Amino acid sequence: MQPVIEIQGLRKEYAGFTLQDLNLTIEEGTITGLVGANGAGKSTTLKLILNLVRRDAGTIRVFGLDNREKDREIKAQIGVVFDEPCFHDILTPHQISAYMGSLYAGWDAAFFGTLLGRFSLPEKKIVKEFSRGMKMKLSIAAAMAHHPRLLLLDEPTSGLDPLVRDEILDMFLEFLQDDRHSIVLSSHITSDLEKIADTIALIDNGRLVFHEEKDRLREQYVLIKGSSAQLEKLDQNLLIGVRKNEYGFEALSKNRRQAAFAGLVTETPTIEDIMLFYTRSRKGNNG
Amino acid sequence: MNIIIRNTGEIPIYEQIVSQVKGAILSGELAEGDALPSIRLLAKELRISVITTKRAYEELERDGYIVTMSGKGSYVAPQNLELVREEQRRALEQHLTDAIQAAKTAGINRQELQELLTLLYDEETGDG
């Protein structure tokens, strides 16, 4: 596999927030989930990849090309969906197709029609009459209709009911049947990522905590629970984000096979657990 | 061939795929030369990660159950069934030896152990 996105030493400063020293390589043919709390830097990262905001340091290569030098060439092969539906209320999908056709040389109006059909979206109704789920499906259809190689999606499933999320995930999996296609999506609905993501990148407070294959996460990390007395005997360096309560403690650890955990209650953490414990450990909120 | 994935539980998903494909080959459901679904198609159908299915296929290939020809897909490899069964038998003997040790530790005699085995076997096969 070859990289579709290579980010090195990326830095972006805002008042009160800095995305710093971000190094991230994403392989072609995979789905990468960007996870992190609101304001952690997920959207900023996506915008930087798209060259929509100016970076303060670092390099970004997409399809092996510098994303500032080859801006147009790169964008022609990317489909983008942002959290907020971006089409004007008074347009119909039919009109949107005509408009998008004027923007993208590769726009495939017939394929767009097929996607609308798949999503049961009416071609002649104005967007204003669409539900939130329909608007999101429309955005996704519009992002895919010029046959991009890469989809960048910011919270594509947030606020949608499970049925719609399911339809959308199916569409993504279909897109990935071509092994030159890749998807990067940010989400805090981690159950979706739990299912389909190949790799997970956790961003916390402007820093990349890890980028790891999802299956490896399940093999490495463990959620442990036990009594306060047991906690005192443990090497604190093994623990991430300890939470104590009246009746015991729980913590995350990266050392699943650690012998010291014998006798404690152990569980396989979800991606959400991993995200929560890391965020908590940074805040030093150990009580 | 059916593949049933259990999302809860401690058995990694790739291992579940490996053991079920092996099962299908050993039972004869999949014969030598039969095509397996592509890695991406299987991931899509099972709604799991491509890396997971890839890892399962790599494991199956390493163990000699399937062969992958680049650009053509994966196929069931010629099986030396005699050898495979022999290996399974050895593994079973090891498990039974462990069970006998555990029985001795617990003071369970031979007859009780045999009765227990019969009971559990019937339960498992649904005859009980």
# chains A, B, ... in the order shown; residues from 1 in each chain; ligands from 1

$ select_by_dssp --residues "stretch 85-207 of chain A" --states "strand (DSSP E)" --output "list in words"
Leu150, Leu151, Leu152, Leu153, Asp154, Ser182, Ile183, Val184, Leu185, Ser186, Thr199, Ile200, Ala201, Leu202, Ile203, Asp204 and Arg207 of chain A

$ write_last_selection --atoms "N, CA and C atoms" --output "compact mmCIF listing (two decimals), in the first residue's frame"
# COMPACT_ATOMS: atom_id res chain seq x y z
N LEU A 150 -10.59 9.99 -2.82
CA LEU A 150 -10.49 10.17 -1.37
C LEU A 150 -11.71 10.92 -0.87
N LEU A 151 -12.31 10.40 0.19
CA LEU A 151 -13.42 11.12 0.83
C LEU A 151 -12.94 11.65 2.17
N LEU A 152 -13.16 12.94 2.38
CA LEU A 152 -12.86 13.55 3.69
C LEU A 152 -14.18 13.97 4.30
N LEU A 153 -14.50 13.40 5.44
CA LEU A 153 -15.82 13.59 6.00
C LEU A 153 -15.73 14.03 7.45
N ASP A 154 -16.35 15.16 7.73
CA ASP A 154 -16.31 15.68 9.10
C ASP A 154 -17.66 15.39 9.76
N SER A 182 -9.89 5.77 -0.61
CA SER A 182 -9.63 5.89 0.83
C SER A 182 -10.65 6.84 1.45
N ILE A 183 -10.87 6.66 2.75
CA ILE A 183 -11.78 7.54 3.47
C ILE A 183 -11.12 7.98 4.77
N VAL A 184 -11.21 9.27 5.05
CA VAL A 184 -10.84 9.77 6.37
C VAL A 184 -12.08 10.41 6.94
N LEU A 185 -12.51 9.96 8.10
CA LEU A 185 -13.70 10.58 8.66
C LEU A 185 -13.51 10.86 10.13
N SER A 186 -13.99 12.01 10.54
CA SER A 186 -13.95 12.34 11.95
C SER A 186 -15.32 12.05 12.52
N THR A 199 -8.08 2.00 10.76
CA THR A 199 -7.17 2.57 11.74
C THR A 199 -7.87 3.72 12.47
N ILE A 200 -7.39 4.00 13.67
CA ILE A 200 -7.95 5.07 14.48
C ILE A 200 -6.83 6.04 14.84
N ALA A 201 -7.08 7.33 14.61
CA ALA A 201 -6.13 8.36 15.06
C ALA A 201 -6.82 9.16 16.15
N LEU A 202 -6.25 9.17 17.33
CA LEU A 202 -6.83 9.93 18.44
C LEU A 202 -6.10 11.27 18.55
N ILE A 203 -6.87 12.33 18.46
CA ILE A 203 -6.31 13.68 18.63
C ILE A 203 -6.87 14.26 19.92
N ASP A 204 -5.98 14.74 20.77
CA ASP A 204 -6.44 15.33 22.02
C ASP A 204 -5.71 16.65 22.24
N ARG A 207 -2.96 17.56 19.81
CA ARG A 207 -1.84 16.62 19.60
C ARG A 207 -2.35 15.25 19.20

$ residues_around --residues "A:Phe249" --least-positions-apart "5" --cutoff "8 Å" --atoms "only C-alpha atoms" --output "mmCIF file with N, CA and C atoms, in the first residue's frame"
data_model
loop_
_atom_site.group_PDB
_atom_site.id
_atom_site.type_symbol
_atom_site.label_atom_id
_atom_site.label_comp_id
_atom_site.auth_asym_id
_atom_site.auth_seq_id
_atom_site.Cartn_x
_atom_site.Cartn_y
_atom_site.Cartn_z
ATOM 1 N N LYS A 225 -10.467 -2.761 36.603
ATOM 2 C CA LYS A 225 -11.254 -2.274 37.729
ATOM 3 C C LYS A 225 -10.856 -3.060 38.966
ATOM 4 N N GLY A 226 -10.843 -2.402 40.094
ATOM 5 C CA GLY A 226 -10.488 -3.111 41.327
ATOM 6 C C GLY A 226 -10.680 -2.229 42.539
ATOM 7 N N SER A 227 -10.194 -2.711 43.666
ATOM 8 C CA SER A 227 -10.369 -1.972 44.914
ATOM 9 C C SER A 227 -9.262 -0.934 45.069
ATOM 10 N N SER A 228 -9.480 -0.010 45.989
ATOM 11 C CA SER A 228 -8.477 1.034 46.247
ATOM 12 C C SER A 228 -7.168 0.419 46.719
ATOM 13 N N LEU A 231 -5.284 -0.797 43.832
ATOM 14 C CA LEU A 231 -4.744 0.335 43.080
ATOM 15 C C LEU A 231 -3.395 0.777 43.642
ATOM 16 N N VAL A 242 -6.755 7.331 35.681
ATOM 17 C CA VAL A 242 -7.394 6.588 36.780
ATOM 18 C C VAL A 242 -8.622 7.339 37.269
ATOM 19 N N ARG A 243 -9.708 6.620 37.473
ATOM 20 C CA ARG A 243 -10.885 7.229 38.095
ATOM 21 C C ARG A 243 -11.218 6.473 39.370
ATOM 22 N N LYS A 244 -11.109 7.195 40.490
ATOM 23 C CA LYS A 244 -11.412 6.558 41.774
ATOM 24 C C LYS A 244 -12.833 6.903 42.179
#

$ closest_residue --among "A:Leu115, A:Ala262, A:Ala105, A:Ala229" --to "A:Tyr247" --atoms "only C-alpha atoms"
A:Ala229

$ interface_residues --of "chain A" --to "chain B" --cutoff "9 Å" --atoms "only C-alpha atoms" --output "ChimeraX atom specification"
/A:29-31,169-170,173-174,176-179,194-199,213-215,218-219,267-268

$ write_last_selection --atoms "C-alpha atoms" --output "PDB file, in the first residue's frame"
ATOM      1  CA  GLY A  29      -7.458   1.706   0.505  1.00  0.00           C
ATOM      2  CA  THR A  30      -8.266   2.233   4.168  1.00  0.00           C
ATOM      3  CA  ILE A  31     -10.816   3.967   6.358  1.00  0.00           C
ATOM      4  CA  LEU A 169     -21.850   3.140   6.232  1.00  0.00           C
ATOM      5  CA  ASP A 170     -22.915   0.705   3.500  1.00  0.00           C
ATOM      6  CA  LEU A 173     -17.977   0.225   2.313  1.00  0.00           C
ATOM      7  CA  GLU A 174     -19.095   0.040  -1.303  1.00  0.00           C
ATOM      8  CA  LEU A 176     -13.918   1.089  -0.658  1.00  0.00           C
ATOM      9  CA  GLN A 177     -14.401  -1.924  -2.925  1.00  0.00           C
ATOM     10  CA  ASP A 178     -11.886  -0.163  -5.151  1.00  0.00           C
ATOM     11  CA  ASP A 179      -8.583  -0.512  -3.315  1.00  0.00           C
ATOM     12  CA  GLU A 194     -15.822   0.521  15.906  1.00  0.00           C
ATOM     13  CA  LYS A 195     -17.437  -1.343  13.016  1.00  0.00           C
ATOM     14  CA  ILE A 196     -15.757  -0.233   9.845  1.00  0.00           C
ATOM     15  CA  ALA A 197     -12.549   1.725  10.518  1.00  0.00           C
ATOM     16  CA  ASP A 198      -9.209   0.160   9.671  1.00  0.00           C
ATOM     17  CA  THR A 199      -7.174   2.575  11.742  1.00  0.00           C
ATOM     18  CA  GLU A 213      -4.848  -0.282  13.591  1.00  0.00           C
ATOM     19  CA  LYS A 214      -8.207  -0.745  15.274  1.00  0.00           C
ATOM     20  CA  ASP A 215      -7.628  -4.444  15.894  1.00  0.00           C
ATOM     21  CA  ARG A 218      -8.283  -4.085  21.164  1.00  0.00           C
ATOM     22  CA  GLU A 219      -5.262  -6.317  21.639  1.00  0.00           C
ATOM     23  CA  GLU A 267     -12.419  -5.763  30.018  1.00  0.00           C
ATOM     24  CA  THR A 268     -11.709  -4.885  26.413  1.00  0.00           C
TER      25      THR A 268
END

$ select_by_dssp --residues "chain B" --states "alpha helix (DSSP H)" --output "ChimeraX atom specification"
/B:13-26,39-46,50-62,81-105,110-125

$ residues_around --residues "B:Leu81" --least-positions-apart "5" --cutoff "12 Å" --atoms "only C-alpha atoms" --output "list of chain:residue names"
B:Lys22, B:Ile25, B:Leu26, B:Ser27, B:Gly28, B:Ala31, B:Glu32, B:Gly64, B:Tyr65, B:Glu86, B:Glu87, B:Gln88, B:Arg89

$ residues_around --residues "A:Asp83" --least-positions-apart "5" --cutoff "12 Å" --atoms "only C-alpha atoms" --output "list in words"
Lys42, Ser43, Leu46, Arg132, Gly133, Lys135, Met136, Lys137, Ser139, Ile140, Leu152, Leu153, Asp154, Glu155, Pro156, Thr157, Ser158, Gly159, Leu160, Leu185, Ser186, Ser187 and His188 of chain A

$ closest_residue --among "B:Gln79, B:Thr53, B:Thr105, B:Thr68" --to "B:Ala35" --atoms "only C-alpha atoms"
B:Thr68

$ residues_around --residues "B:Glu61" --least-positions-apart "5" --cutoff "12 Å" --atoms "only C-alpha atoms" --output "mmCIF file with C-alpha atoms, in the first residue's frame"
data_model
loop_
_atom_site.group_PDB
_atom_site.id
_atom_site.type_symbol
_atom_site.label_atom_id
_atom_site.label_comp_id
_atom_site.auth_asym_id
_atom_site.auth_seq_id
_atom_site.Cartn_x
_atom_site.Cartn_y
_atom_site.Cartn_z
ATOM 1 C CA VAL B 18 -9.925 -18.006 10.323
ATOM 2 C CA VAL B 21 -13.113 -20.798 7.050
ATOM 3 C CA LYS B 22 -10.917 -23.665 8.303
ATOM 4 C CA LEU B 36 -13.085 -17.222 -1.592
ATOM 5 C CA LYS B 54 -6.679 -9.193 5.253
ATOM 6 C CA ARG B 55 -5.093 -10.470 8.411
ATOM 7 C CA ALA B 56 -7.442 -13.469 8.472
ATOM 8 C CA ILE B 66 -5.708 -21.053 0.987
ATOM 9 C CA VAL B 67 -3.543 -19.650 -1.765
ATOM 10 C CA THR B 68 -3.732 -16.065 -2.967
ATOM 11 C CA MET B 69 -2.823 -15.193 -6.513
ATOM 12 C CA GLY B 73 -8.073 -13.637 -5.624
ATOM 13 C CA SER B 74 -7.878 -16.402 -3.059
ATOM 14 C CA TYR B 75 -8.642 -20.080 -3.493
ATOM 15 C CA VAL B 76 -8.856 -23.123 -1.259
ATOM 16 C CA ALA B 77 -5.475 -24.832 -1.379
ATOM 17 C CA PRO B 78 -5.053 -28.553 -1.993
#

$ residues_around --residues "A:Thr92" --least-positions-apart "3" --cutoff "8 Å" --atoms "only C-alpha atoms" --output "list in words"
Gln95, Ile96, Glu123, Lys124, Lys125, Ile126 and Val127 of chain A

$ atom_distance --atom1 "atom CA of A:Ala98" --atom2 "atom CA of A:Leu48"
28.4 Å

$ atom_distance --atom1 "atom CA of A:Val35" --atom2 "atom CA of A:Leu65"
25.5 Å

$ atom_distance --atom1 "atom CA of B:Thr125" --atom2 "atom CA of B:Ile108"
23.9 Å

$ residues_around --residues "A:Glu272" --least-positions-apart "2" --cutoff "9 Å" --atoms "only C-alpha atoms" --output "PyMOL selection string"
chain A and resi 35+188-191+269-270+274-277

$ write_last_selection --atoms "N, CA and C atoms" --output "PDB file, in the first residue's frame"
ATOM      1  N   VAL A  35     -10.642  10.543  15.856  1.00  0.00           N
ATOM      2  CA  VAL A  35     -11.495  10.713  17.017  1.00  0.00           C
ATOM      3  C   VAL A  35     -10.862  11.701  17.992  1.00  0.00           C
ATOM      4  N   HIS A 188     -17.499  11.615  16.539  1.00  0.00           N
ATOM      5  CA  HIS A 188     -17.489  11.227  17.936  1.00  0.00           C
ATOM      6  C   HIS A 188     -18.525  10.153  18.215  1.00  0.00           C
ATOM      7  N   ILE A 189     -19.210   9.703  17.143  1.00  0.00           N
ATOM      8  CA  ILE A 189     -20.023   8.510  17.321  1.00  0.00           C
ATOM      9  C   ILE A 189     -19.112   7.341  17.049  1.00  0.00           C
ATOM     10  N   THR A 190     -18.424   6.905  18.087  1.00  0.00           N
ATOM     11  CA  THR A 190     -17.344   5.955  17.856  1.00  0.00           C
ATOM     12  C   THR A 190     -17.855   4.552  17.542  1.00  0.00           C
ATOM     13  N   SER A 191     -19.140   4.280  17.798  1.00  0.00           N
ATOM     14  CA  SER A 191     -19.639   2.939  17.486  1.00  0.00           C
ATOM     15  C   SER A 191     -19.576   2.677  15.990  1.00  0.00           C
ATOM     16  N   PRO A 269     -11.616  -2.447  26.194  1.00  0.00           N
ATOM     17  CA  PRO A 269     -12.250  -1.129  26.102  1.00  0.00           C
ATOM     18  C   PRO A 269     -12.789  -0.849  24.711  1.00  0.00           C
ATOM     19  N   THR A 270     -13.820  -0.017  24.635  1.00  0.00           N
ATOM     20  CA  THR A 270     -14.280   0.467  23.343  1.00  0.00           C
ATOM     21  C   THR A 270     -13.390   1.650  22.952  1.00  0.00           C
ATOM     22  N   ILE A 274     -11.245   4.413  25.363  1.00  0.00           N
ATOM     23  CA  ILE A 274      -9.847   4.811  25.187  1.00  0.00           C
ATOM     24  C   ILE A 274      -9.745   6.329  25.084  1.00  0.00           C
ATOM     25  N   MET A 275     -10.667   6.913  24.295  1.00  0.00           N
ATOM     26  CA  MET A 275     -10.680   8.363  24.125  1.00  0.00           C
ATOM     27  C   MET A 275     -10.917   9.073  25.463  1.00  0.00           C
ATOM     28  N   LEU A 276     -11.896   8.592  26.227  1.00  0.00           N
ATOM     29  CA  LEU A 276     -12.236   9.232  27.503  1.00  0.00           C
ATOM     30  C   LEU A 276     -11.092   9.179  28.502  1.00  0.00           C
ATOM     31  N   PHE A 277     -10.468   8.006  28.628  1.00  0.00           N
ATOM     32  CA  PHE A 277      -9.414   7.872  29.624  1.00  0.00           C
ATOM     33  C   PHE A 277      -8.193   8.701  29.263  1.00  0.00           C
TER      34      PHE A 277
END

$ closest_residue --among "A:Glu129, A:Glu250, A:Asp21, A:Asp273" --to "A:Asp89" --atoms "only C-alpha atoms"
A:Glu129
